[in-house]
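Structure file run_3.cif; described as mmCIF, C-alpha atoms.
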```cif
data_structure
#
loop_
_atom_site.group_PDB
_atom_site.id
_atom_site.type_symbol
_atom_site.label_atom_id
_atom_site.label_comp_id
_atom_site.auth_asym_id
_atom_site.auth_seq_id
_atom_site.Cartn_x
_atom_site.Cartn_y
_atom_site.Cartn_z
ATOM 1 C CA MET A 1 -30.924 18.710 14.703
ATOM 2 C CA LEU A 2 -34.695 18.769 14.615
ATOM 3 C CA ASP A 3 -36.663 17.492 17.583
ATOM 4 C CA HIS A 4 -38.969 15.156 15.663
ATOM 5 C CA LYS A 5 -41.305 14.675 18.614
ATOM 6 C CA ALA A 6 -41.808 18.440 18.865
ATOM 7 C CA LEU A 7 -42.087 18.654 15.067
ATOM 8 C CA ARG A 8 -44.901 16.103 14.935
ATOM 9 C CA ALA A 9 -46.664 17.770 17.874
ATOM 10 C CA ALA A 10 -46.520 21.131 16.092
ATOM 11 C CA PHE A 11 -47.819 19.540 12.893
ATOM 12 C CA PHE A 12 -50.890 17.951 14.449
ATOM 13 C CA ASN A 13 -51.500 20.621 17.113
ATOM 14 C CA PRO A 14 -50.020 23.936 15.931
ATOM 15 C CA PRO A 15 -49.609 26.474 18.734
ATOM 16 C CA PRO A 16 -51.865 29.546 18.704
ATOM 17 C CA ASP A 17 -50.563 32.539 16.824
ATOM 18 C CA ASP A 18 -48.527 34.754 19.137
ATOM 19 C CA PRO A 19 -46.958 37.886 17.592
ATOM 20 C CA ASP A 20 -44.768 38.352 20.680
ATOM 21 C CA ARG A 21 -43.059 34.971 20.365
ATOM 22 C CA GLU A 22 -40.479 33.691 17.893
ATOM 23 C CA PRO A 23 -41.597 30.321 16.444
ATOM 24 C CA THR A 24 -39.266 27.399 16.991
ATOM 25 C CA ARG A 25 -37.512 25.696 14.098
ATOM 26 C CA GLU A 26 -39.766 22.668 14.568
ATOM 27 C CA GLU A 27 -42.865 24.867 14.360
ATOM 28 C CA LEU A 28 -41.633 26.403 11.120
ATOM 29 C CA TRP A 29 -40.954 23.000 9.569
ATOM 30 C CA ALA A 30 -44.377 21.789 10.693
ATOM 31 C CA ARG A 31 -45.995 24.876 9.173
ATOM 32 C CA ALA A 32 -44.213 24.256 5.878
ATOM 33 C CA GLU A 33 -45.368 20.636 5.838
ATOM 34 C CA ARG A 34 -48.979 21.624 6.513
ATOM 35 C CA GLN A 35 -48.776 24.135 3.672
ATOM 36 C CA ALA A 36 -47.403 21.428 1.372
ATOM 37 C CA VAL A 37 -50.350 19.157 2.208
ATOM 38 C CA GLU A 38 -52.849 21.976 1.694
ATOM 39 C CA ALA A 39 -51.291 22.946 -1.637
ATOM 40 C CA CYS A 40 -51.347 19.325 -2.802
ATOM 41 C CA LEU A 41 -55.055 19.047 -2.009
ATOM 42 C CA ARG A 42 -55.846 22.367 -3.708
ATOM 43 C CA TRP A 43 -54.199 21.144 -6.899
ATOM 44 C CA GLY A 44 -56.159 17.893 -6.811
ATOM 45 C CA GLY A 45 -53.177 15.792 -5.732
ATOM 46 C CA ASP A 46 -52.873 12.941 -3.278
ATOM 47 C CA PRO A 47 -50.723 13.686 -0.157
ATOM 48 C CA LYS A 48 -50.258 9.952 0.407
ATOM 49 C CA ALA A 49 -48.874 9.423 -3.084
ATOM 50 C CA GLU A 50 -46.600 12.446 -2.631
ATOM 51 C CA GLY A 51 -45.384 11.328 0.800
ATOM 52 C CA LEU A 52 -46.578 14.526 2.486
ATOM 53 C CA GLY A 53 -47.551 15.115 6.091
ATOM 54 C CA GLU A 54 -48.267 11.966 8.082
ATOM 55 C CA HIS A 55 -47.636 9.943 4.919
ATOM 56 C CA GLY A 56 -43.972 10.975 4.786
ATOM 57 C CA ALA A 57 -40.966 10.264 6.988
ATOM 58 C CA LEU A 58 -40.747 13.816 8.327
ATOM 59 C CA ILE A 59 -44.044 13.523 10.193
ATOM 60 C CA GLY A 60 -44.950 9.841 9.859
ATOM 61 C CA GLY A 61 -41.581 8.575 11.029
ATOM 62 C CA PRO A 62 -39.311 5.699 9.888
ATOM 63 C CA GLY A 63 -40.649 3.489 7.138
ATOM 64 C CA LYS A 64 -42.495 6.319 5.423
ATOM 65 C CA PRO A 65 -41.294 7.789 2.094
ATOM 66 C CA MET A 66 -38.643 10.488 2.242
ATOM 67 C CA ARG A 67 -38.661 13.508 -0.034
ATOM 68 C CA ARG A 68 -36.082 16.042 -1.113
ATOM 69 C CA LEU A 69 -36.400 19.604 0.124
ATOM 70 C CA THR A 70 -34.861 22.342 -2.012
ATOM 71 C CA SER A 71 -34.583 24.860 0.855
ATOM 72 C CA PHE A 72 -34.840 25.076 4.626
ATOM 73 C CA PRO A 73 -38.382 26.072 5.667
ATOM 74 C CA GLU A 74 -37.070 28.603 8.188
ATOM 75 C CA ARG A 75 -35.447 30.475 5.288
ATOM 76 C CA ARG A 76 -38.392 30.175 2.918
ATOM 77 C CA LEU A 77 -41.512 30.876 4.979
ATOM 78 C CA ARG A 78 -42.827 34.391 5.365
ATOM 79 C CA ARG A 79 -42.181 35.594 8.898
ATOM 80 C CA ARG A 80 -42.886 38.749 10.838
ATOM 81 C CA PRO A 81 -40.627 40.741 13.125
ATOM 82 C CA LEU A 82 -41.266 40.769 16.825
ATOM 83 C CA PRO A 83 -43.092 43.901 18.105
ATOM 84 C CA LEU A 84 -41.058 47.092 17.842
ATOM 85 C CA VAL A 85 -41.339 47.662 21.593
ATOM 86 C CA ARG A 86 -39.079 44.614 22.025
ATOM 87 C CA PHE A 87 -36.249 46.637 20.461
ATOM 88 C CA ASP A 88 -36.906 49.849 22.380
ATOM 89 C CA THR A 89 -34.169 50.010 25.005
ATOM 90 C CA PRO A 90 -31.588 52.750 25.630
ATOM 91 C CA ARG A 91 -28.806 50.493 24.399
ATOM 92 C CA ALA A 92 -30.687 49.487 21.254
ATOM 93 C CA ARG A 93 -31.323 53.155 20.465
ATOM 94 C CA THR A 94 -27.602 53.960 20.666
ATOM 95 C CA ARG A 95 -25.853 54.217 17.329
ATOM 96 C CA PRO A 96 -22.554 52.309 17.166
ATOM 97 C CA PRO A 97 -19.210 54.126 16.972
ATOM 98 C CA ALA A 98 -18.078 55.042 13.458
ATOM 99 C CA LEU A 99 -15.861 52.430 11.810
ATOM 100 C CA GLY A 100 -14.000 54.943 9.663
ATOM 101 C CA ARG A 101 -16.139 54.245 6.588
ATOM 102 C CA ASP A 102 -18.609 56.703 5.094
ATOM 103 C CA PRO A 103 -22.200 55.487 5.695
ATOM 104 C CA VAL A 104 -23.336 57.345 2.578
ATOM 105 C CA ILE A 105 -21.192 55.034 0.424
ATOM 106 C CA PHE A 106 -22.914 51.999 1.936
ATOM 107 C CA PHE A 107 -26.411 53.356 1.308
ATOM 108 C CA GLU A 108 -25.424 54.363 -2.214
ATOM 109 C CA HIS A 109 -24.362 50.753 -2.727
ATOM 110 C CA LEU A 110 -27.766 49.516 -1.503
ATOM 111 C CA SER A 111 -29.605 51.916 -3.768
ATOM 112 C CA ALA A 112 -27.551 51.016 -6.831
ATOM 113 C CA ALA A 113 -27.714 47.270 -6.161
ATOM 114 C CA HIS A 114 -31.406 46.928 -5.345
ATOM 115 C CA LEU A 115 -33.169 49.989 -6.796
ATOM 116 C CA ALA A 116 -31.318 50.287 -10.097
ATOM 117 C CA GLY A 117 -34.516 50.128 -12.170
ATOM 118 C CA TYR A 118 -36.587 52.181 -9.742
ATOM 119 C CA PRO A 119 -37.734 55.591 -11.047
ATOM 120 C CA ASN A 120 -35.806 58.404 -9.385
ATOM 121 C CA ARG A 121 -33.989 56.028 -7.059
ATOM 122 C CA PRO A 122 -32.703 57.726 -3.903
ATOM 123 C CA SER A 123 -29.112 58.826 -3.477
ATOM 124 C CA GLY A 124 -27.025 57.432 -0.645
ATOM 125 C CA ILE A 125 -27.852 60.469 1.495
ATOM 126 C CA ALA A 126 -31.570 60.167 0.772
ATOM 127 C CA LEU A 127 -31.644 56.429 1.441
ATOM 128 C CA ALA A 128 -29.815 56.875 4.753
ATOM 129 C CA ARG A 129 -32.501 59.390 5.735
ATOM 130 C CA ILE A 130 -35.250 56.934 4.742
ATOM 131 C CA PHE A 131 -33.741 54.169 6.882
ATOM 132 C CA ARG A 132 -33.592 56.531 9.862
ATOM 133 C CA SER A 133 -37.044 58.062 9.388
ATOM 134 C CA PRO A 134 -39.875 57.274 11.853
ATOM 135 C CA GLU A 135 -42.456 57.850 9.098
ATOM 136 C CA LEU A 136 -42.360 56.865 5.440
ATOM 137 C CA SER A 137 -44.282 57.832 2.345
ATOM 138 C CA PRO A 138 -45.799 54.980 0.306
ATOM 139 C CA VAL A 139 -42.928 55.276 -2.183
ATOM 140 C CA GLU A 140 -40.270 55.187 0.531
ATOM 141 C CA ARG A 141 -41.936 52.175 2.132
ATOM 142 C CA ASP A 142 -41.931 50.423 -1.226
ATOM 143 C CA GLN A 143 -38.250 51.217 -1.725
ATOM 144 C CA LEU A 144 -37.335 49.668 1.622
ATOM 145 C CA TRP A 145 -39.492 46.634 0.815
ATOM 146 C CA HIS A 146 -37.578 46.107 -2.450
ATOM 147 C CA ILE A 147 -34.236 46.394 -0.675
ATOM 148 C CA PHE A 148 -35.166 43.918 2.053
ATOM 149 C CA ALA A 149 -36.590 41.529 -0.548
ATOM 150 C CA CYS A 150 -33.161 40.874 -2.031
ATOM 151 C CA ILE A 151 -30.562 42.290 0.368
ATOM 152 C CA ARG A 152 -27.460 40.142 0.910
ATOM 153 C CA CYS A 153 -27.269 38.726 4.414
ATOM 154 C CA ARG A 154 -23.845 40.275 4.993
ATOM 155 C CA ASP A 155 -25.345 43.697 4.245
ATOM 156 C CA LEU A 156 -27.848 43.275 7.061
ATOM 157 C CA GLY A 157 -24.999 43.488 9.548
ATOM 158 C CA HIS A 158 -23.551 46.412 7.590
ATOM 159 C CA LEU A 159 -26.742 48.407 8.237
ATOM 160 C CA ILE A 160 -25.437 48.824 11.777
ATOM 161 C CA GLY A 161 -21.684 48.337 11.486
ATOM 162 C CA TRP A 162 -21.161 50.469 8.363
ATOM 163 C CA GLY A 163 -24.428 52.318 7.842
ATOM 164 C CA GLY A 164 -24.417 53.508 11.433
ATOM 165 C CA LEU A 165 -28.031 52.653 12.238
ATOM 166 C CA SER A 166 -28.975 51.828 15.771
ATOM 167 C CA VAL A 167 -30.588 48.448 16.355
ATOM 168 C CA TYR A 168 -33.874 50.250 17.020
ATOM 169 C CA GLU A 169 -33.646 52.164 13.739
ATOM 170 C CA ALA A 170 -32.942 48.953 11.839
ATOM 171 C CA ALA A 171 -35.903 47.211 13.510
ATOM 172 C CA ARG A 172 -38.165 50.172 12.792
ATOM 173 C CA ALA A 173 -37.142 50.154 9.115
ATOM 174 C CA VAL A 174 -37.970 46.444 8.919
ATOM 175 C CA HIS A 175 -41.381 47.087 10.489
ATOM 176 C CA LEU A 176 -42.207 50.088 8.314
ATOM 177 C CA SER A 177 -41.208 48.266 5.127
ATOM 178 C CA GLY A 178 -43.714 45.488 5.760
ATOM 179 C CA THR A 179 -41.167 42.866 4.721
ATOM 180 C CA ARG A 180 -41.739 39.240 5.670
ATOM 181 C CA CYS A 181 -38.442 37.986 4.252
ATOM 182 C CA ALA A 182 -37.309 35.152 6.515
ATOM 183 C CA ASP A 183 -33.591 36.007 6.577
ATOM 184 C CA VAL A 184 -34.285 39.661 7.388
ATOM 185 C CA VAL A 185 -36.775 38.842 10.141
ATOM 186 C CA ALA A 186 -34.545 36.153 11.680
ATOM 187 C CA TRP A 187 -31.649 38.617 11.743
ATOM 188 C CA ILE A 188 -33.502 41.473 13.415
ATOM 189 C CA ASN A 189 -35.409 39.251 15.855
ATOM 190 C CA GLN A 190 -32.168 38.093 17.451
ATOM 191 C CA PHE A 191 -31.811 41.596 18.939
ATOM 192 C CA ALA A 192 -35.249 41.604 20.593
ATOM 193 C CA VAL A 193 -35.462 41.514 24.378
ATOM 194 C CA PRO A 194 -38.283 40.393 26.684
ATOM 195 C CA LEU A 195 -40.636 43.157 27.760
ATOM 196 C CA GLY A 196 -39.396 44.905 30.879
ATOM 197 C CA THR A 197 -35.767 44.008 30.155
ATOM 198 C CA SER A 198 -33.299 46.869 29.738
ATOM 199 C CA GLU A 199 -30.242 44.779 28.922
ATOM 200 C CA ARG A 200 -29.374 43.492 25.465
ATOM 201 C CA SER A 201 -26.301 42.530 23.467
ATOM 202 C CA SER A 202 -24.092 45.338 22.243
ATOM 203 C CA PRO A 203 -24.999 46.844 18.840
ATOM 204 C CA ARG A 204 -21.491 45.834 17.740
ATOM 205 C CA GLU A 205 -22.123 42.160 18.614
ATOM 206 C CA SER A 206 -23.997 39.563 16.568
ATOM 207 C CA LEU A 207 -24.384 41.872 13.588
ATOM 208 C CA MET A 208 -24.216 39.066 11.061
ATOM 209 C CA PRO A 209 -27.168 36.752 10.424
ATOM 210 C CA PRO A 210 -27.498 33.658 12.632
ATOM 211 C CA LYS A 211 -25.399 30.665 11.606
ATOM 212 C CA GLY A 212 -26.907 28.858 8.666
ATOM 213 C CA THR A 213 -28.509 31.898 7.034
ATOM 214 C CA ALA A 214 -25.497 33.562 5.402
ATOM 215 C CA LYS A 215 -25.608 33.722 1.623
#
```
Write out the structure in this file as C-alpha cells.
Amino acid sequence: MLDHKALRAAFFNPPPDDPDREPTREELWARAERQAVEACLRWGGDPKAEGLGEHGALIGGPGKPMRRLTSFPERRLRRRPLPLVRFDTPRARTRPPALGRDPVIFFEHLSAAHLAGYPNRPSGIALARIFRSPELSPVERDQLWHIFACIRCRDLGHLIGWGGLSVYEAARAVHLSGTRCADVVAWINQFAVPLGTSERSSPRESLMPPKGTAK
C-alpha cells in the first residue's frame, strides 16, 4: 500500500537528488505525477480538467477525480543503479557454484532472443565475455543496452544462477550498458550494501526480481 501522506509530501517537496539512495515507491509515484502535470502543460492541456496532480485523488485526496493508470510508475520510470562501489564486496565478487547447465547456452539464448537483427551478433561465448568484461567497446556497450532494454525478468536471475556471473559482474554490466530500465535497476539494486558493510545476501539468494516485477 502507498503511504499517501508521504506521497503528497514527495509531490510538493521532492527530496534532493541522491545517487547513493534508492527512491521510495512514494517518491517514484510522486515523480510520475509531476511528469504527467508537466507533460499536460507542455501540450497546452489543463491539469485540472485532466485530474492531474493536486487536482486528482492521488495527490488531492478523497473527492478529487480518479484516473486509470496503465502501468506502475516504479516499473515505467527511468532509474539508475546505485554506485558500483555498493556492490564491491568479497561475497558479491564470488561467482556462484555451477548448476550443471552450460553458461554458454544461456548467453547464446540472450544473443538470439535480443540481438537477432544486430549485425554480427555475438556468439554465446563472446557475449559471456562481454558480460564479464571490465571495459567495453561502443558496440559492446550498445549490445548490452539492447539486451537490458527487453530482457525477461526471469532471465535477470539467470545471469547469476545459470550464466555464472558474480553479483559484482552483473552490476558492472548494468552500469557499463548505461541502461535505465526500471525492472533491471530494481533487480540489481536489491544486492547493494551500505558503504563500509562487508556482509550481503548470498549470490544464490534473491536472484529473481522483487515481488511485483516479474513478467
Quiz item: A:Val193, A:Leu52, A:Ala36, A:Leu136: which is nearest Val167 of chain A, counting only C-alpha atoms?
Solution: A:Val193
Quiz item: Which residues, written as a PyMOL selection string, have at least one atom at most 12 Å from Gly164 of chain A, with all atoms listed in the file counted and residues fewer than 4 positions away on the same chain left out?
Solution: chain A and resi 93-107+128-129+131-132+156-160+168-170+203-204+207
Practice problem: Carefully work through the PyMOL selection byres ((chain A and resi 66) around 6) for this structure and note down the residues it includes, as a list in words. | Solution: Gly56, Ala57, Pro65 and Arg67 of chain A
Quiz item: Skipping near chain neighbours, those fewer than 3 positions away, what residues fall within 8 Å of Ala192 of chain A using only C-alpha atoms, listed as a list in words?
Solution: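 Surrounding residues, per the criterion: Leu82, Arg86, Phe87, Ile188, Asn189 and Arg200 of chain A.
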Quiz prompt | Separation of atom CA of Asp88 of chain A from atom CA of His175 of chain A, in Å and rounded to one decimal | solution =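 Interatomic distance here is 13.0 Å.
Using only C-alpha atoms, the shortest contact distance between Ile151 of chain A and any of A:Gly51, A:Leu110, A:Ala186, A:Ala116 is found at A:Leu110.
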Quiz prompt | atom CA of Pro16 of chain A to atom CA of Ile59 of chain A, straight-line distance in Å | solution =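 Value for the atom CA of Ile59 of chain A-atom CA of Pro16 of chain A distance: 19.8 Å.
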Exercise. Take atom CA of Ser133 of chain A and atom CA of Thr179 of chain A and report the distance between them in Å, one decimal.
Key: 16.4 Å
Quiz item: Using only C-alpha atoms, which residues sit within 8 Å of Ser123 of chain A once same-chain residues fewer than 3 positions away are excluded, as an NGL selection string?
Solution: :A and (107-108 or 111 or 126-127)
Exercise. Can you give me, as a PyMOL selection string, the residues this file yields under the PyMOL selection byres ((chain A and resi 114) around 9)?
Key: chain A and resi 109-113+115-118+143+146-151
Let me have the centre and edge lengths of the axis-aligned box enclosing all listed atoms of segment 161-166 of chain A with 4 Å padding on every side, in Å to one decimal, as AutoDock Vina command-line options.
```
--center_x -25.1 --center_y 50.9 --center_z 11.8 --size_x 15.8 --size_y 13.2 --size_z 15.9
```
Practice problem: Might you spell out which residues the PyMOL selection byres ((chain A and resi 183) around 8) would select in the displayed file, as JSON, numbers by chain? | Solution: {"A": [75, 153, 181, 182, 184, 185, 186, 187, 209, 213]}
Selection above as a file: C-alpha atoms, as a PDB file, keeping the file's coordinate frame:
```
ATOM      1  CA  ARG A  75     -35.447  30.475   5.288  1.00  0.00           C
ATOM      2  CA  CYS A 153     -27.269  38.726   4.414  1.00  0.00           C
ATOM      3  CA  CYS A 181     -38.442  37.986   4.252  1.00  0.00           C
ATOM      4  CA  ALA A 182     -37.309  35.152   6.515  1.00  0.00           C
ATOM      5  CA  VAL A 184     -34.285  39.661   7.388  1.00  0.00           C
ATOM      6  CA  VAL A 185     -36.775  38.842  10.141  1.00  0.00           C
ATOM      7  CA  ALA A 186     -34.545  36.153  11.680  1.00  0.00           C
ATOM      8  CA  TRP A 187     -31.649  38.617  11.743  1.00  0.00           C
ATOM      9  CA  PRO A 209     -27.168  36.752  10.424  1.00  0.00           C
ATOM     10  CA  THR A 213     -28.509  31.898   7.034  1.00  0.00           C
TER      11      THR A 213
END
```
Quiz prompt | Nearby residues (all atoms listed in the file) at most 10 Å from Glu54 of chain A, same-chain spacing under 2 positions excluded, as a VMD selection string | solution = chain A and resid 8 11 to 12 33 to 34 37 47 to 48 51 to 52 56 to 61 64
Quiz item: With all atoms listed in the file as the atoms that count, which of A:Ala173, A:Phe191, A:Glu22, A:Asn13 lies nearest to Asp142 of chain A?
Solution: A:Ala173
Practice problem: Using all atoms listed in the file, pick whichever of A:Pro119, A:Pro90, A:Pro138, A:Pro81 has the shortest atom-to-atom distance to Ala171 of chain A. | Solution: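 Using all atoms listed in the file, the shortest distance to Ala171 of chain A belongs to A:Pro81.
Nearest residue to Lys5 of chain A among A:Glu27, A:Asp20, A:Ser137, A:Arg180 is A:Glu27, counting only C-alpha atoms.
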